[in-house]
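Chemist: Sharing target-v4.txt (compact mmCIF, C-alpha atoms) below.
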```
# COMPACT_ATOMS: atom_id res chain seq x y z
CA MET Y 28 0.00 0.00 0.00
CA ALA Y 29 1.10 3.55 -0.47
CA ILE Y 30 0.67 6.88 1.23
CA THR Y 31 1.82 9.80 -0.91
CA TYR Y 32 2.72 13.43 -0.43
CA SER Y 33 3.81 16.11 -2.86
CA ARG Y 34 7.57 16.44 -2.68
CA THR Y 35 8.13 19.65 -0.72
CA ALA Y 36 10.52 20.18 2.19
CA ALA Y 37 7.60 20.35 4.63
CA ASN Y 38 6.02 17.17 3.26
CA VAL Y 39 9.30 15.26 3.31
CA GLU Y 40 9.45 16.03 7.03
CA LEU Y 41 5.79 15.02 7.41
CA ALA Y 42 6.46 11.74 5.57
CA PHE Y 43 9.27 10.86 7.96
CA GLU Y 44 7.05 11.68 10.94
CA ALA Y 45 4.36 9.41 9.49
CA TYR Y 46 6.95 6.69 8.94
CA ASP Y 47 8.13 6.94 12.56
CA PHE Y 48 4.54 6.80 13.81
CA LEU Y 49 3.62 3.76 11.69
CA PHE Y 50 6.83 1.99 12.68
CA SER Y 51 6.02 2.62 16.35
CA LYS Y 52 2.60 1.00 15.77
CA ASP Y 53 4.29 -2.11 14.28
CA PHE Y 54 3.13 -1.57 10.72
CA PRO Y 55 5.41 -3.14 8.10
CA VAL Y 56 6.55 0.23 6.72
CA VAL Y 57 9.42 1.27 4.47
CA ARG Y 58 11.29 4.57 4.86
CA PRO Y 59 9.85 7.34 2.66
CA MET Y 60 11.06 7.22 -0.93
CA PRO Y 61 11.03 10.01 -3.52
CA HIS Y 62 9.59 9.20 -6.94
CA GLY Y 63 9.23 12.07 -9.39
CA ASP Y 64 7.44 14.99 -7.75
CA ARG Y 65 5.97 12.77 -5.00
CA ILE Y 66 7.26 11.07 -1.87
CA PHE Y 67 5.88 7.63 -1.04
CA ILE Y 68 5.59 5.61 2.13
CA PHE Y 69 5.02 1.94 1.37
CA VAL Y 70 3.26 -0.22 3.95
CA GLY Y 71 3.09 -4.00 3.68
CA ALA Y 72 3.89 -6.27 0.77
CA ALA Y 73 2.18 -9.36 -0.61
CA GLU Y 74 1.90 -11.32 -3.82
CA ALA Y 75 -1.83 -10.53 -4.05
CA LYS Y 76 -3.80 -7.43 -3.08
CA ALA Y 77 -6.31 -9.56 -1.18
CA ALA Y 78 -3.60 -10.55 1.28
CA LEU Y 79 -3.26 -6.89 2.33
CA GLY Y 80 -6.92 -6.41 3.18
CA ASP Y 81 -6.61 -6.43 6.97
CA VAL Y 82 -3.50 -4.26 7.00
CA LEU Y 83 -5.20 -1.77 4.67
CA LEU Y 84 -8.26 -1.59 6.91
CA ASP Y 85 -6.09 -1.14 9.99
CA LEU Y 86 -4.05 1.57 8.29
CA ARG Y 87 -7.08 3.47 6.99
CA SER Y 88 -8.80 3.41 10.39
CA LEU Y 89 -5.71 4.28 12.46
CA LYS Y 90 -6.23 7.46 14.47
CA VAL Y 91 -3.24 9.77 14.64
CA PRO Y 92 -2.66 11.97 17.68
CA PRO Y 93 -3.12 14.71 18.66
CA SER Y 94 -6.13 15.19 16.36
CA ASN Y 95 -7.28 11.54 16.51
CA ARG Y 96 -8.13 11.80 12.82
CA THR Y 97 -7.75 8.96 10.35
CA GLU Y 98 -4.86 10.57 8.46
CA PHE Y 99 -4.14 7.49 6.34
CA ARG Y 100 -7.70 6.89 5.11
CA SER Y 101 -6.59 7.56 1.52
CA ALA Y 102 -3.90 4.85 1.51
CA TYR Y 103 -4.21 2.64 -1.55
CA THR Y 104 -2.72 -0.54 -2.97
CA VAL Y 105 0.04 -0.30 -5.57
CA ASN Y 106 2.47 -2.60 -7.32
CA ILE Y 107 5.69 -1.58 -5.57
CA ALA Y 108 7.79 -2.95 -8.44
CA SER Y 109 6.65 0.12 -10.40
CA TYR Y 110 8.51 2.43 -8.00
CA ARG Y 111 12.06 1.08 -8.22
```
Would you kindly transcribe this structure into structure tokens?

Modeler:
Amino acid sequence: MAITYSRTAANVELAFEAYDFLFSKDFPVVRPMPHGDRIFIFVGAAEAKAALGDVLLDLRSLKVPPSNRTEFRSAYTVNIASYR
């Protein structure tokens, strides 16, 4: 799955904060990676999208302090091989 941000200095910092938070919650997360004008955080990996269903639901419903909002509700599945 991927979470994306436009590639600005502020969003690069935000992406690393998100990475640290997801890592602290034991999500299988990869350090933020730039790709074109975006920065991506990849979460989870599987041979089939269906295998990521529970992780995707957990990620989308995760509440992030201090706002307790579901900041990752727009996470989506991608083929990570396309981002090498």

Chemist: How would you write as number ranges by chain the residues that get within 12 Å of (-6.4, 8.4, 9.6) in the file's frame, counting only C-alpha atoms?

Modeler: Y: 30, 45, 48-49, 83-102

Chemist: Find the distance between CA of Ala42 in chain Y and CA of Val56 in chain Y and write it in Å to one decimal.

Modeler: 11.6 Å

Chemist: Of the residues Y:Ala73, Y:Asp64, Y:Ser51, Y:Arg58, which is the one nearest to Arg34 in chain Y, using only C-alpha atoms?

Modeler: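 Of Y:Ala73, Y:Asp64, Y:Ser51, Y:Arg58, the one nearest Arg34 in chain Y, counting only C-alpha atoms, is Y:Asp64.
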
Chemist: Within 12 Å of Tyr46 in chain Y, counting all atoms listed in the file, which residues qualify if same-chain residues fewer than 3 places away don't, as a ChimeraX atom specification?

Modeler: /Y:29-31,38-43,49-60,66-70,99

Chemist: Counting only C-alpha atoms, which of Y:Ser33, Y:Pro61, Y:Thr104, Y:Ser109 gets nearest to Val82 in chain Y?

Modeler: Y:Thr104

Chemist: To one decimal place in Å, what is the distance between CA of Gly63 in chain Y and CA of Met28 in chain Y?

Modeler: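 Distance reported for this atom pair: 17.9 Å.
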
Chemist: In Å, how far is it from CA of Asp81 in chain Y to CA of His62 in chain Y?

Modeler: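 Atom-to-atom, CA of Asp81 in chain Y and CA of His62 in chain Y are spaced 26.5 Å apart.
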
Chemist: Kindly provide, as JSON, the centre and edge lengths (Å, one decimal) of an axis-aligned box around all atoms of range 60-78 of chain Y given in the file, with 4 Å on each side.

Modeler:
```
{"center_x": 2.4, "center_y": 1.8, "center_z": -2.7, "size_x": 25.4, "size_y": 34.3, "size_z": 21.3}
```
